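The structure appears below as structure tokens.
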Amino acid sequence: MAITMKEIEHLAKLSRLALSNEEKERLTGEMQSILAFADKLSSLETEADPTMFAADGKNVFRKDEVKPSLSPSEILQNAPQADMECFVVPKTVE
Amino acid sequence: MKALVSMTAHELHDKLVNREVSALELTRAQLAHIEETEAEIESYITVTSASALKKAEEVDKKIAAGEEISPLAGIPVAIKDNISTKGVLTTCASKMLYNYVPPYSADAYERLLGQDAVMVGKANMDEFAMGSSTENSYFKKTKNPRNTACVPGGSSGGSAAAVAADEAVFALGSDTGGSIRQPASFCGVVGMKPTYGLVSRYGLIAFASSLDQIGPITKDVRDCATVLSAICGKDEKDSTSLHVSTPDFLGALTGECKGMRVGLPKEYLSDAVDPAVREAVLSAAKAYESMGAEIVECSLPMLDYALETYYLISSAEASSNLARYDGVRYGFRAEGCEDLDSLFLKTRSEGFGKEVKRRIMLGTFVLSSGYYDAYYKKAQKTRTLICQDFARVFETVDCILTPTSPCTAWKFGAKSADPVQMYLADICTVSINIAGLPALSMPYGTDGEGLPIGVQLIGPRLGDAKILKAAYALEKGGR
């Protein structure tokens, strides 16, 4: 299938990536060739069930027990910006 | 006399127990060798000298007190930089995590610490483990110790190069589509991807969760079995980790392979494989026959769809896993953002490299409405067929013998221009992750230019001990 610059812009928006014009052009070509390569799958006729994990498909439950976890200061130690016990981000409400 | 740093873990363990060398002497020798070698090879992103020396002193105290020490106690290890190590920089070789110091450790690393292994550094890799040459690292280009004009393979290129250059006695890597086995093959060392779920993924920074698995890179098969025994086991913190008792991996190393049925699938020996690599695989097959194993010609026709399936599934999972990098809680944050949207956009655009962006875009595409059924769901159906292909062959064989990579190490830049060319290099390894099987790469001969060739042994699910047994027999008797 063909992929257009417009689609690349849409995907970039969904991916939260701001691309330069040069990046958009390059990615249009590259995605084109990657998808041409992946298109082989469309020729494969199959009614097989999809596999998500190649392991036992049963859910794993654990007991709902209180256990020690990381402290707020440990959680915040990597924050680009923190104040008190909060992550600081640009203003989100007017 | 063989230098300390070039010895295997089991040789060094004997020396430690017999008090021929102390753990501190060994660690000092290791750090000195890293100091000498690192300028040329560049295996490491971070070298952890101070904590290594401290750990070595603890081991010496245990030995002095007459305590029994574990097989990996005092042994220098390199840890791939996507495996979380509490208090030690863990970057995933990305600008996005250039300053990230995890507040907790990966389960596999915790288990090594529990065995008193001595971490000497965090190894270089392709950014977020996406790549086959380690050229996608944000920080540096690791050289192949066997020929420094060539790439070490990837994505665990730093881990494999460190072991090959004696900059560590063994290493941990991670393998999503061949990222342990292919660099092990390129650098002439042993590398193993265990059965999916055998080793906990807790603390492994996620790339494609249904495919990722941590595993050992070592100098020989015995060390591989020892390290796997140390890192495997049920972990409550990873719901996909398997509840199985640890098999006796070391006990499987008898040196015998008489009566074993070794499958030789014709699709893995096509014209796409370098003649020297094909010859090495065929001569390994002959060696097995001469040791009393039976070579069974077989067919895995779904190999033809493996790469496409792999790149669609892994990119889809990656695009979802990498959504967490937003500049809010950890890692890189772009400067001068006035609102939240521009913070996300700028941080991600400046923080991720080329290949990572490409895979996020591809993954977002295959998961987006209108394309989901045609690409993602189709790939998952094909995944079922690939699993069935292996299950059918394993009804009649104990393990499967193939090349690890269709070629030996290539020169820097040789496959960088076209992403599809780089993806094609993973043809022999990706289907094993798709099916969740164990596989091991071991060196078997060299090509015309003296570059190592790796052969791959694939086992049925939880057949890890079987392939270690077959690999050990080939290592001992198969020359």
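Chain labels A, B, ... are given in the sequence in which chains occur in the structure tokens; within each chain residues are numbered consecutively from 1, and ligands are likewise numbered from 1 in the order shown.
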
I need the contact residues of chain A against chain B, so if you could list those with any atom within 8 Å, counting only C-alpha atoms, and return them as a tab-separated table (two decimals) with all heavy atoms, in the first residue's frame, that would help.
chain	number	residue	atom	x	y	z
A	11	LEU	N	0.10	10.00	11.90
A	11	LEU	CA	0.76	9.04	12.79
A	11	LEU	C	1.67	9.75	13.78
A	11	LEU	O	1.75	9.37	14.96
A	11	LEU	CB	1.59	8.04	11.98
A	11	LEU	CG	0.82	7.03	11.14
A	11	LEU	CD1	1.78	6.20	10.30
A	11	LEU	CD2	-0.02	6.11	12.03
A	12	ALA	N	2.36	10.78	13.32
A	12	ALA	CA	3.25	11.54	14.19
A	12	ALA	C	2.45	12.18	15.31
A	12	ALA	O	2.88	12.21	16.47
A	12	ALA	CB	4.01	12.59	13.39
A	14	LEU	N	-0.45	11.07	16.53
A	14	LEU	CA	-0.85	9.99	17.45
A	14	LEU	C	0.32	9.54	18.33
A	14	LEU	O	0.15	9.16	19.48
A	14	LEU	CB	-1.36	8.78	16.66
A	14	LEU	CG	-2.68	8.91	15.90
A	14	LEU	CD1	-2.94	7.63	15.11
A	14	LEU	CD2	-3.83	9.18	16.86
A	15	SER	N	1.54	9.58	17.76
A	15	SER	CA	2.74	9.12	18.47
A	15	SER	C	3.34	10.20	19.35
A	15	SER	O	4.35	9.95	20.00
A	15	SER	CB	3.81	8.67	17.46
A	15	SER	OG	3.29	7.75	16.54
A	16	ARG	N	2.75	11.39	19.34
A	16	ARG	CA	3.31	12.55	20.05
A	16	ARG	C	4.77	12.78	19.65
A	16	ARG	O	5.67	12.85	20.48
A	16	ARG	CB	3.22	12.36	21.58
A	16	ARG	CG	1.82	12.25	22.12
A	16	ARG	CD	1.03	13.56	21.98
A	16	ARG	NE	-0.29	13.46	22.58
A	16	ARG	CZ	-1.38	12.97	21.96
A	16	ARG	NH1	-1.31	12.55	20.71
A	16	ARG	NH2	-2.53	12.92	22.60
A	17	LEU	N	4.97	12.85	18.33
A	17	LEU	CA	6.30	13.18	17.81
A	17	LEU	C	6.15	14.40	16.90
A	17	LEU	O	5.25	14.43	16.06
A	17	LEU	CB	6.87	12.01	16.99
A	17	LEU	CG	7.27	10.75	17.75
A	17	LEU	CD1	7.61	9.61	16.78
A	17	LEU	CD2	8.45	11.01	18.69
A	18	ALA	N	7.00	15.39	17.10
A	18	ALA	CA	7.03	16.54	16.20
A	18	ALA	C	8.16	16.29	15.20
A	18	ALA	O	9.31	16.18	15.60
A	18	ALA	CB	7.29	17.82	16.98
A	19	LEU	N	7.83	16.13	13.95
A	19	LEU	CA	8.84	15.80	12.96
A	19	LEU	C	9.17	17.00	12.09
A	19	LEU	O	8.27	17.77	11.72
A	19	LEU	CB	8.34	14.65	12.07
A	19	LEU	CG	7.95	13.36	12.78
A	19	LEU	CD1	7.37	12.36	11.79
A	19	LEU	CD2	9.13	12.73	13.51
A	27	LEU	N	10.80	9.52	6.48
A	27	LEU	CA	9.93	8.49	7.04
A	27	LEU	C	8.87	8.02	6.04
A	27	LEU	O	8.49	6.85	6.04
A	27	LEU	CB	9.27	8.99	8.32
A	27	LEU	CG	10.10	8.77	9.58
A	27	LEU	CD1	9.56	9.60	10.75
A	27	LEU	CD2	10.13	7.30	9.98
A	30	GLU	N	10.73	5.52	4.01
A	30	GLU	CA	11.12	4.34	4.79
A	30	GLU	C	9.90	3.49	5.16
A	30	GLU	O	9.94	2.27	5.08
A	30	GLU	CB	11.86	4.76	6.06
A	30	GLU	CG	13.29	5.21	5.77
A	30	GLU	CD	13.96	5.78	7.00
A	30	GLU	OE1	13.28	5.94	8.04
A	30	GLU	OE2	15.16	6.07	6.92
A	31	MET	N	8.84	4.17	5.60
A	31	MET	CA	7.63	3.42	5.97
A	31	MET	C	7.08	2.69	4.76
A	31	MET	O	6.59	1.58	4.85
A	31	MET	CB	6.57	4.38	6.52
A	31	MET	CG	6.93	4.95	7.87
A	31	MET	SD	6.45	3.88	9.23
A	31	MET	CE	4.67	4.04	9.15
A	33	SER	N	8.83	1.47	2.31
A	33	SER	CA	9.59	0.25	2.01
A	33	SER	C	9.37	-0.80	3.10
A	33	SER	O	9.34	-2.00	2.82
A	33	SER	CB	11.07	0.55	1.76
A	33	SER	OG	11.71	0.86	2.96
A	34	ILE	N	9.19	-0.37	4.34
A	34	ILE	CA	8.92	-1.35	5.41
A	34	ILE	C	7.56	-2.01	5.19
A	34	ILE	O	7.41	-3.22	5.32
A	34	ILE	CB	8.97	-0.68	6.81
A	34	ILE	CG1	10.39	-0.20	7.13
A	34	ILE	CG2	8.51	-1.66	7.90
A	34	ILE	CD1	10.51	0.66	8.37
A	37	PHE	N	7.54	-4.49	2.43
A	37	PHE	CA	8.15	-5.72	2.95
A	37	PHE	C	7.11	-6.49	3.78
A	37	PHE	O	6.98	-7.70	3.68
A	37	PHE	CB	9.41	-5.29	3.69
A	37	PHE	CG	9.86	-6.09	4.88
A	37	PHE	CD1	10.70	-7.19	4.72
A	37	PHE	CD2	9.51	-5.70	6.17
A	37	PHE	CE1	11.15	-7.89	5.84
A	37	PHE	CE2	9.97	-6.40	7.28
A	37	PHE	CZ	10.78	-7.49	7.11
A	38	ALA	N	6.31	-5.77	4.57
A	38	ALA	CA	5.33	-6.43	5.43
A	38	ALA	C	4.08	-6.88	4.68
A	38	ALA	O	3.33	-7.72	5.16
A	38	ALA	CB	4.93	-5.49	6.57
A	40	LYS	N	3.74	-8.85	2.43
A	40	LYS	CA	3.77	-10.27	2.15
A	40	LYS	C	2.73	-11.03	2.99
A	40	LYS	O	2.14	-12.01	2.54
A	40	LYS	CB	5.16	-10.79	2.46
A	40	LYS	CG	5.43	-12.16	1.93
A	40	LYS	CD	6.91	-12.33	1.80
A	40	LYS	CE	7.43	-13.54	2.47
A	40	LYS	NZ	8.86	-13.43	2.73
A	41	LEU	N	2.51	-10.55	4.22
A	41	LEU	CA	1.57	-11.24	5.10
A	41	LEU	C	0.15	-11.24	4.53
A	41	LEU	O	-0.62	-12.15	4.79
A	41	LEU	CB	1.54	-10.57	6.48
A	41	LEU	CG	2.72	-10.80	7.41
A	41	LEU	CD1	2.43	-10.19	8.77
A	41	LEU	CD2	3.02	-12.28	7.56
A	42	SER	N	-0.18	-10.20	3.75
A	42	SER	CA	-1.56	-10.12	3.26
A	42	SER	C	-1.85	-11.24	2.26
A	42	SER	O	-3.00	-11.61	2.05
A	42	SER	CB	-1.84	-8.74	2.67
A	42	SER	OG	-0.92	-8.50	1.65
A	46	THR	N	-5.25	-17.38	6.16
A	46	THR	CA	-5.31	-18.20	7.36
A	46	THR	C	-6.51	-17.86	8.22
A	46	THR	O	-6.91	-16.70	8.30
A	46	THR	CB	-4.02	-18.08	8.22
A	46	THR	OG1	-4.23	-18.78	9.44
A	46	THR	CG2	-3.70	-16.63	8.54
A	47	GLU	N	-7.07	-18.89	8.84
A	47	GLU	CA	-8.16	-18.70	9.78
A	47	GLU	C	-7.69	-19.00	11.20
A	47	GLU	O	-8.49	-19.17	12.11
A	47	GLU	CB	-9.35	-19.62	9.42
A	47	GLU	CG	-10.10	-19.19	8.15
A	47	GLU	CD	-10.52	-17.72	8.18
A	47	GLU	OE1	-11.12	-17.30	9.19
A	47	GLU	OE2	-10.23	-16.99	7.20
A	48	ALA	N	-6.36	-19.07	11.39
A	48	ALA	CA	-5.82	-19.38	12.72
A	48	ALA	C	-6.24	-18.33	13.73
A	48	ALA	O	-6.45	-17.17	13.39
A	48	ALA	CB	-4.30	-19.45	12.63
A	49	ASP	N	-6.35	-18.75	15.00
A	49	ASP	CA	-6.62	-17.78	16.07
A	49	ASP	C	-5.36	-16.96	16.32
A	49	ASP	O	-4.26	-17.48	16.23
A	49	ASP	CB	-7.00	-18.51	17.37
A	49	ASP	CG	-8.37	-19.14	17.27
A	49	ASP	OD1	-9.21	-18.61	16.53
A	49	ASP	OD2	-8.58	-20.18	17.93
A	50	PRO	N	-5.53	-15.68	16.65
A	50	PRO	CA	-4.34	-14.88	16.94
A	50	PRO	C	-3.65	-15.31	18.24
A	50	PRO	O	-4.33	-15.74	19.18
A	50	PRO	CB	-4.89	-13.45	17.09
A	50	PRO	CG	-6.36	-13.53	17.04
A	50	PRO	CD	-6.78	-14.91	16.75
A	51	THR	N	-2.34	-15.22	18.29
A	51	THR	CA	-1.57	-15.49	19.51
A	51	THR	C	-1.02	-14.18	20.05
A	51	THR	O	-0.35	-13.44	19.32
A	51	THR	CB	-0.38	-16.45	19.21
A	51	THR	OG1	-0.92	-17.68	18.74
A	51	THR	CG2	0.47	-16.71	20.44
A	52	MET	N	-1.28	-13.89	21.33
A	52	MET	CA	-0.74	-12.68	21.96
A	52	MET	C	0.58	-12.99	22.66
A	52	MET	O	1.51	-12.21	22.63
A	52	MET	CB	-1.71	-12.13	23.00
A	52	MET	CG	-3.13	-12.09	22.57
A	52	MET	SD	-3.47	-10.51	21.84
A	52	MET	CE	-4.08	-9.65	23.27
A	53	PHE	N	0.60	-14.12	23.37
A	53	PHE	CA	1.77	-14.54	24.13
A	53	PHE	C	2.01	-16.00	23.83
A	53	PHE	O	1.07	-16.78	23.78
A	53	PHE	CB	1.50	-14.42	25.64
A	53	PHE	CG	1.81	-13.08	26.20
A	53	PHE	CD1	0.86	-12.06	26.18
A	53	PHE	CD2	3.05	-12.80	26.76
A	53	PHE	CE1	1.14	-10.81	26.69
A	53	PHE	CE2	3.33	-11.56	27.28
A	53	PHE	CZ	2.38	-10.56	27.25
A	54	ALA	N	3.27	-16.37	23.65
A	54	ALA	CA	3.57	-17.78	23.41
A	54	ALA	C	3.80	-18.49	24.74
A	54	ALA	O	4.80	-19.13	24.96
A	54	ALA	CB	4.80	-17.91	22.51
A	55	ALA	N	2.87	-18.31	25.66
A	55	ALA	CA	2.98	-18.96	26.96
A	55	ALA	C	1.57	-19.31	27.41
A	55	ALA	O	0.61	-19.03	26.70
A	55	ALA	CB	3.65	-18.03	27.97
A	60	VAL	N	-3.12	-14.58	35.93
A	60	VAL	CA	-2.39	-14.84	37.16
A	60	VAL	C	-2.88	-13.85	38.22
A	60	VAL	O	-2.77	-12.64	38.03
A	60	VAL	CB	-0.87	-14.67	36.95
A	60	VAL	CG1	-0.12	-14.94	38.24
A	60	VAL	CG2	-0.38	-15.59	35.85
A	62	ARG	N	-2.84	-12.46	42.28
A	62	ARG	CA	-2.05	-12.50	43.50
A	62	ARG	C	-2.94	-12.10	44.65
A	62	ARG	O	-4.00	-11.49	44.44
A	62	ARG	CB	-0.83	-11.58	43.39
A	62	ARG	CG	-1.18	-10.13	43.23
A	62	ARG	CD	0.02	-9.23	43.49
A	62	ARG	NE	-0.30	-7.86	43.15
A	62	ARG	CZ	-1.00	-7.05	43.94
A	62	ARG	NH1	-1.48	-7.48	45.10
A	62	ARG	NH2	-1.26	-5.81	43.55
A	70	LEU	N	7.97	1.67	47.11
A	70	LEU	CA	8.92	2.77	47.11
A	70	LEU	C	8.34	3.98	47.83
A	70	LEU	O	7.14	4.24	47.78
A	70	LEU	CB	9.26	3.15	45.66
A	70	LEU	CG	9.98	2.07	44.84
A	70	LEU	CD1	10.11	2.50	43.40
A	70	LEU	CD2	11.35	1.77	45.43
A	74	GLU	N	11.85	8.35	46.83
A	74	GLU	CA	12.50	7.48	45.83
A	74	GLU	C	11.82	7.63	44.47
A	74	GLU	O	12.48	7.63	43.43
A	74	GLU	CB	12.42	6.01	46.28
A	74	GLU	CG	13.40	5.66	47.38
A	74	GLU	CD	13.15	4.27	47.95
A	74	GLU	OE1	12.01	3.99	48.39
A	74	GLU	OE2	14.09	3.47	47.96
A	75	ILE	N	10.49	7.74	44.50
A	75	ILE	CA	9.74	7.91	43.25
A	75	ILE	C	10.13	9.23	42.57
A	75	ILE	O	10.26	9.30	41.35
A	75	ILE	CB	8.21	7.90	43.53
A	75	ILE	CG1	7.77	6.55	44.08
A	75	ILE	CG2	7.42	8.28	42.27
A	75	ILE	CD1	7.67	5.44	43.09
A	76	LEU	N	10.33	10.25	43.39
A	76	LEU	CA	10.58	11.58	42.82
A	76	LEU	C	12.05	11.84	42.49
A	76	LEU	O	12.37	12.87	41.89
A	76	LEU	CB	10.08	12.66	43.80
A	76	LEU	CG	8.54	12.78	43.90
A	76	LEU	CD1	8.17	13.63	45.10
A	76	LEU	CD2	7.96	13.38	42.62
A	78	ASN	N	14.01	10.89	40.33
A	78	ASN	CA	14.34	11.06	38.91
A	78	ASN	C	13.51	12.14	38.23
A	78	ASN	O	13.63	12.35	37.02
A	78	ASN	CB	14.13	9.75	38.16
A	78	ASN	CG	15.28	8.78	38.36
A	78	ASN	OD1	16.37	9.00	37.85
A	78	ASN	ND2	15.07	7.73	39.12
A	79	ALA	N	12.65	12.79	38.97
A	79	ALA	CA	11.75	13.78	38.34
A	79	ALA	C	12.55	14.95	37.78
A	79	ALA	O	13.41	15.49	38.48
A	79	ALA	CB	10.74	14.27	39.35
A	80	PRO	N	12.25	15.35	36.53
A	80	PRO	CA	12.91	16.53	35.99
A	80	PRO	C	12.63	17.77	36.86
A	80	PRO	O	13.49	18.63	37.03
A	80	PRO	CB	12.28	16.70	34.61
A	80	PRO	CG	11.77	15.35	34.24
A	80	PRO	CD	11.37	14.71	35.54
A	81	GLN	N	11.43	17.82	37.41
A	81	GLN	CA	11.09	18.92	38.31
A	81	GLN	C	10.06	18.41	39.33
A	81	GLN	O	9.05	17.81	38.95
A	81	GLN	CB	10.51	20.09	37.51
A	81	GLN	CG	10.66	21.42	38.23
A	81	GLN	CD	9.95	22.55	37.47
A	81	GLN	OE1	9.70	22.45	36.27
A	81	GLN	NE2	9.64	23.62	38.19
A	87	PHE	N	5.07	15.87	41.09
A	87	PHE	CA	5.78	16.17	39.85
A	87	PHE	C	5.29	17.53	39.36
A	87	PHE	O	4.09	17.80	39.39
A	87	PHE	CB	5.45	15.13	38.78
A	87	PHE	CG	5.93	13.75	39.10
A	87	PHE	CD1	5.06	12.77	39.54
A	87	PHE	CD2	7.28	13.43	38.95
A	87	PHE	CE1	5.51	11.49	39.84
A	87	PHE	CE2	7.74	12.15	39.24
A	87	PHE	CZ	6.86	11.17	39.69
A	88	VAL	N	6.20	18.35	38.92
A	88	VAL	CA	5.80	19.67	38.42
A	88	VAL	C	5.76	19.63	36.90
A	88	VAL	O	6.71	19.18	36.25
A	88	VAL	CB	6.78	20.76	38.89
A	88	VAL	CG1	6.42	22.11	38.29
A	88	VAL	CG2	6.78	20.83	40.41
A	89	VAL	N	4.63	20.08	36.32
A	89	VAL	CA	4.48	20.17	34.86
A	89	VAL	C	3.99	21.56	34.52
A	89	VAL	O	3.54	22.29	35.41
A	89	VAL	CB	3.48	19.10	34.33
A	89	VAL	CG1	4.02	17.70	34.53
A	89	VAL	CG2	2.11	19.25	34.97
A	90	PRO	N	4.06	21.95	33.23
A	90	PRO	CA	3.52	23.25	32.86
A	90	PRO	C	2.04	23.35	33.23
A	90	PRO	O	1.34	22.34	33.33
A	90	PRO	CB	3.71	23.30	31.35
A	90	PRO	CG	4.77	22.32	31.04
A	90	PRO	CD	4.65	21.26	32.08
A	91	LYS	N	1.59	24.56	33.39
A	91	LYS	CA	0.21	24.81	33.79
A	91	LYS	C	-0.78	24.13	32.83
A	91	LYS	O	-0.65	24.23	31.62
A	91	LYS	CB	-0.01	26.33	33.75
A	91	LYS	CG	-1.22	26.80	34.47
A	91	LYS	CD	-1.17	28.32	34.52
A	91	LYS	CE	-2.52	28.85	34.89
A	91	LYS	NZ	-2.57	30.31	34.78
A	92	THR	N	-1.75	23.39	33.40
A	92	THR	CA	-2.70	22.67	32.54
A	92	THR	C	-4.11	23.25	32.59
A	92	THR	O	-4.95	22.91	31.79
A	92	THR	CB	-2.80	21.18	32.94
A	92	THR	OG1	-3.12	21.12	34.33
A	92	THR	CG2	-1.52	20.44	32.68

Residues flagged helix (DSSP H, G or I) by DSSP in range 7-52 of chain A, as a PyMOL selection string: chain A and resi 7-14+21-43

Nearby residues (only C-alpha atoms) at most 10 Å from Val189 in chain B, same-chain spacing under 6 positions excluded, as a ChimeraX atom specification: /B:160-161,163-164,170,181,183,217-221,441-444,452-454

Strand (DSSP E) positions in range 235-428 of chain B, given as a ChimeraX atom specification: /B:261-265,294-298,399-403

Distance criterion (only C-alpha atoms): nearest to Ile231 in chain B out of B:Arg261, B:Arg201, B:Lys54, B:Lys61: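 Between B:Arg261, B:Arg201, B:Lys54, B:Lys61, the residue approaching Ile231 in chain B most closely is B:Arg201.
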
For CA of Ile45 in chain B and CA of Ala93 in chain B, the interatomic separation in Å (one decimal):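 Separating CA of Ile45 in chain B from CA of Ala93 in chain B is a distance of 7.7 Å.
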
Nearby residues (only C-alpha atoms) at most 8 Å from Val5 in chain B, same-chain spacing under 6 positions excluded, as a ChimeraX atom specification: /B:26,29-30,33,166-169

Would you save the residues of that selection, restricted to N, CA and C atoms, as an mmCIF file, in the first residue's frame?
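Listed below is the output, part_34.cif:
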data_model
loop_
_atom_site.group_PDB
_atom_site.id
_atom_site.type_symbol
_atom_site.label_atom_id
_atom_site.label_comp_id
_atom_site.auth_asym_id
_atom_site.auth_seq_id
_atom_site.Cartn_x
_atom_site.Cartn_y
_atom_site.Cartn_z
ATOM 1 N N LEU B 26 41.087 -10.293 41.708
ATOM 2 C CA LEU B 26 40.409 -10.560 40.433
ATOM 3 C C LEU B 26 39.692 -9.298 39.933
ATOM 4 N N ALA B 29 42.172 -6.765 38.718
ATOM 5 C CA ALA B 29 42.707 -7.165 37.405
ATOM 6 C C ALA B 29 41.677 -6.864 36.316
ATOM 7 N N GLN B 30 40.406 -7.143 36.626
ATOM 8 C CA GLN B 30 39.336 -6.897 35.655
ATOM 9 C C GLN B 30 39.216 -5.401 35.348
ATOM 10 N N HIS B 33 42.088 -4.186 33.255
ATOM 11 C CA HIS B 33 41.949 -4.615 31.864
ATOM 12 C C HIS B 33 40.907 -3.766 31.129
ATOM 13 N N ASP B 166 37.328 -9.840 27.039
ATOM 14 C CA ASP B 166 37.717 -10.103 28.435
ATOM 15 C C ASP B 166 37.514 -8.893 29.339
ATOM 16 N N GLU B 167 36.561 -8.035 28.969
ATOM 17 C CA GLU B 167 36.235 -6.900 29.835
ATOM 18 C C GLU B 167 35.210 -7.299 30.896
ATOM 19 N N ALA B 168 34.716 -8.516 30.818
ATOM 20 C CA ALA B 168 33.856 -9.110 31.845
ATOM 21 C C ALA B 168 33.960 -10.606 31.650
ATOM 22 N N VAL B 169 33.754 -11.364 32.720
ATOM 23 C CA VAL B 169 33.825 -12.820 32.586
ATOM 24 C C VAL B 169 32.535 -13.338 31.957
#
